[in-house]
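S.K.: Okay, handing you the structure first.
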Amino acid sequence: MLLKNNELSIASINCNGLLKAEKIHLIRHLRQQQPHIITLQETHIKTTEKEQTFHQYFGATQSFWTEHCGIVSLNADINLTQINTFNCPRHILTRVEHRHNPFLPFYILTIYAPAGTTTERQSFYSALCASPILDQQQPYRQRLIITGDFNYSYQRTDYHRNAPPEWFAMLQDEFFNCINPNPLDRPLPTFCRGDFTMSTIDYIFASPSFKNTVKAREVSYIANSWSDHALLLTTFKMGPPTSGKGYWRGNPLIGIQGVLSTTVAPTH
């Protein structure tokens, strides 16, 4: 998964647990999409042994796990650093940077909100909003990508009791929906239970610094035996290309040639 022209792809999916034998087919499918980073929800990974096993299954260069979430890097040029500022296994926060610095570092937060009661979701989102992750005084919020299974429909105002007002205000005022950027468009469903229950509860949001960097977005549907959630994929153009014209790629030997050296020499 090479990082071509500074285009970075992030995939996100609720995998409905990774421990069943057929999930190896899901992992193979995820790798075939060639994302650079995969964020996972509902992982059911609870031991260091399982973390190591699935690190190998994904062919990861780095991976971070809780029983609820996972973040996997498939690119050796990308360095992830986990940040532990919020004591809750329903999230993972990492700093993302390129080892050769072709783009500014940023942060990925993946979350798996409780699927149980409205009260449980309210409690989770309230704690998240009060955590250092979303504190305006901290650096994370300015260059942050949020992925995950929110376990409620963001577009349905009658579902807004699932989280405190400050959560909705933050997403509306300070982030944009990478998958459905136009709020007037009907979002594609991301969750299907049986033949009739369909809803949009999985998202990728990003802070405004990424607004003009989204090159591609996709919602794809996979075998029900793998997951009852769709796979979300967003590709960002992170910065200037790593090849092509540019003064910084000039030949350093030119500077010692007489004509040019005279031209650029300071005058006194």
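If you're wondering about the labels, chains in the structure tokens are A, B, ... by order shown, residues count from 1 in each chain, ligands from 1 in order shown.
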For segment 9-17 of chain A, please output as a ChimeraX atom specification all residues within 8 Å (counting only C-alpha atoms; exclusion window: fewer than 3 positions along the same chain).

M.R.: /A:20,34-45,147-149,202,204,226-236

S.K.: I'd like the contact shell of Leu171 of chain A - 9 Å cut-off, only C-alpha atoms, skipping same-chain residues fewer than 5 positions apart - returned as a PyMOL selection string.

M.R.: chain A and resi 166+176-177+205-207

S.K.: Take the residues that were just selected and, keeping N, CA, C and O atoms, output them as a short mmCIF file (atom, residue, chain, number, x, y, z; two decimals), in the first residue's frame.

M.R.:
```
data_model
loop_
_atom_site.label_atom_id
_atom_site.label_comp_id
_atom_site.auth_asym_id
_atom_site.auth_seq_id
_atom_site.Cartn_x
_atom_site.Cartn_y
_atom_site.Cartn_z
N GLU A 166 -23.48 19.38 23.24
CA GLU A 166 -22.15 19.85 22.84
C GLU A 166 -21.50 18.93 21.81
O GLU A 166 -20.70 19.37 20.98
N PHE A 176 -16.80 18.15 9.33
CA PHE A 176 -17.66 17.86 8.18
C PHE A 176 -17.72 16.36 7.96
O PHE A 176 -16.80 15.62 8.34
N ASN A 177 -18.81 15.93 7.37
CA ASN A 177 -19.06 14.51 7.12
C ASN A 177 -18.35 14.12 5.82
O ASN A 177 -18.73 14.56 4.74
N PHE A 205 -15.83 11.63 10.11
CA PHE A 205 -15.86 13.09 10.19
C PHE A 205 -14.42 13.60 10.22
O PHE A 205 -13.51 12.90 10.67
N ALA A 206 -14.23 14.84 9.76
CA ALA A 206 -12.91 15.44 9.78
C ALA A 206 -13.00 16.92 10.08
O ALA A 206 -14.01 17.57 9.78
N SER A 207 -11.97 17.47 10.68
CA SER A 207 -11.92 18.90 10.97
C SER A 207 -11.73 19.68 9.67
O SER A 207 -11.34 19.13 8.65
#
```

S.K.: Restricting the calculation to only C-alpha atoms: of A:Arg121, A:Arg28, A:Arg143, A:Arg193, which residue gets closest to Trp167 of chain A?

M.R.: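 Using only C-alpha atoms, the shortest distance to Trp167 of chain A belongs to A:Arg121.
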
S.K.: Rank nothing, just name the residue among A:Ile83, A:Ile71, A:Leu188, A:Ile78 nearest to Pro139 of chain A, using only C-alpha atoms.

M.R.: A:Ile83

S.K.: Please identify all polymer residues within 10 Å of Asn87 of chain A, counting only C-alpha atoms, omitting same-chain residues fewer than 4 positions from it, and present them as a list in words.

M.R.: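 Counting only the stated atoms, we get His91, Ile92, Ala127, Leu128 and Ser131 of chain A.
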